[in-house]
Protein chains: 2
Amino acid sequence: MLSRGYTHVPEECGAISEILSRIGDKWTVLVVSMLGNGPMRFNELRREIGGVSQRMLTLTLRGLERDGLVTRTVYPTVPPRVDYELTELGKTLLEPIVGVAAWARANRAKIAAARVVYDKAANREAKPGVVARTPAA
Amino acid sequence: MLSRGYTHVPEECGAISEILSRIGDKWTVLVVSMLGNGPMRFNELRREIGGVSQRMLTLTLRGLERDGLVTRTVYPTVPPRVDYELTELGKTLLEPIVGVAAWARANRAKIAAARVVYDKAANREAKPGVVARTPAA
DNA sequence: CAGGATCCAGTGTGATACTG
DNA sequence: CAGTATCACACTGGATCCTG
């Protein structure tokens, strides 16, 4: 496990961080996951994901296209039809991504519990008798 | 995989998305990775990571602590000494995280190349003869 | 249907200065 | 050493309106 001899290369950190924040944005993982089931149209994705604005879905897809993770296929029909599909590179991303997603799903309860504990402790030590942090909500 | 019968549960998406953006922020993955090598002190982390502001490192560590992923141990000496260490839960996160990090490291060249191609194409069709997008940088 | 353009609010991030 | 406090700012993301 990372043995002990893990060599930290600062230069790589920048690059990796950048990619990480790409896939760490609000919709990328969701979109890639959905596309893992096969090609989808724009509004199809929009419906399935739910809660994503038109703008953000467009931006997310553009970004993924730019990074060579999805292809965008336009059928010049009327009304227009656009299919999005994972590239081979995109499909390889699927595996690590579902790994993280699985972890998140498996551990979100523990995390939620940890937060409750932490917040409670924070409130106690904050200033006993005074307002404290959580504003009632 | 994801077989075809992947069931999309919108409720889970919210929760997963939230966790994803937690670990998808700018420093979390880096910090967890470093801590994977064993406990570290505040400024030790700061130095090793490089480029992280004091504020952001503090915020990141607080967040991880709140989520039960790292422990914070204060030694009441002078000068003060604080050790950060992964919890058991934190260590389980290490595996999926290095999976993604490995993917990022392995494919950043392809991504960079894809961007060049995409941007070049975008520039050509943008307005032939005019400035175009990349602002010189 | 797909998505471009605009405007606006929230917040994530950083620089700096100060403290126990 | 290990923070906290404050400010300033860019960027993310959403709502809305418009077009081919």
# chains A, B, ... in the order shown; residues from 1 in each chain; ligands from 1

call {"tool": "interface_residues", "arguments": {"of": "chain B", "to": "chain C", "cutoff": "9 Å", "atoms": "only C-alpha atoms (C1' of nucleotides)", "output": "PyMOL selection string"}}
result
chain B and resi 25+53+55-56

call {"tool": "interface_residues", "arguments": {"of": "chain D", "to": "chain B", "cutoff": "9 Å", "atoms": "only C-alpha atoms (C1' of nucleotides)", "output": "list in words"}}
result
DC1, DA2 and DG3 of chain D

call {"tool": "select_by_dssp", "arguments": {"residues": "stretch 32-101 of chain A", "states": "alpha helix (DSSP H)", "output": "VMD selection string"}}
result
chain A and resid 32 to 35 42 to 49 54 to 66 88 to 101

call {"tool": "interface_residues", "arguments": {"of": "chain B", "to": "chain A", "cutoff": "7 Å", "atoms": "only C-alpha atoms", "output": "list in words"}}
result
Arg4, Ile16, Ser17, Ile19, Leu20, Ser21, Gly24, Asp25, Lys26, Asn37, Arg66, Asp67, Gly68, Pro96, Ile97, Gly99, Val100, Ala101, Ala104, Arg105, Ile111, Ala114, Arg115 and Tyr118 of chain B

call {"tool": "atom_distance", "arguments": {"atom1": "atom CA of A:Leu61", "atom2": "atom C1' of D:DC11"}}
result
18.0 Å

call {"tool": "select_by_dssp", "arguments": {"residues": "stretch 47-86 of chain B", "states": "strand (DSSP E or B)", "output": "PyMOL selection string"}}
result
chain B and resi 70-75+81-86

call {"tool": "atom_distance", "arguments": {"atom1": "atom CA of B:Arg72", "atom2": "atom C1' of D:DA5"}}
result
21.7 Å

call {"tool": "atom_distance", "arguments": {"atom1": "atom CA of A:Glu125", "atom2": "atom CA of B:Gly90"}}
result
25.1 Å
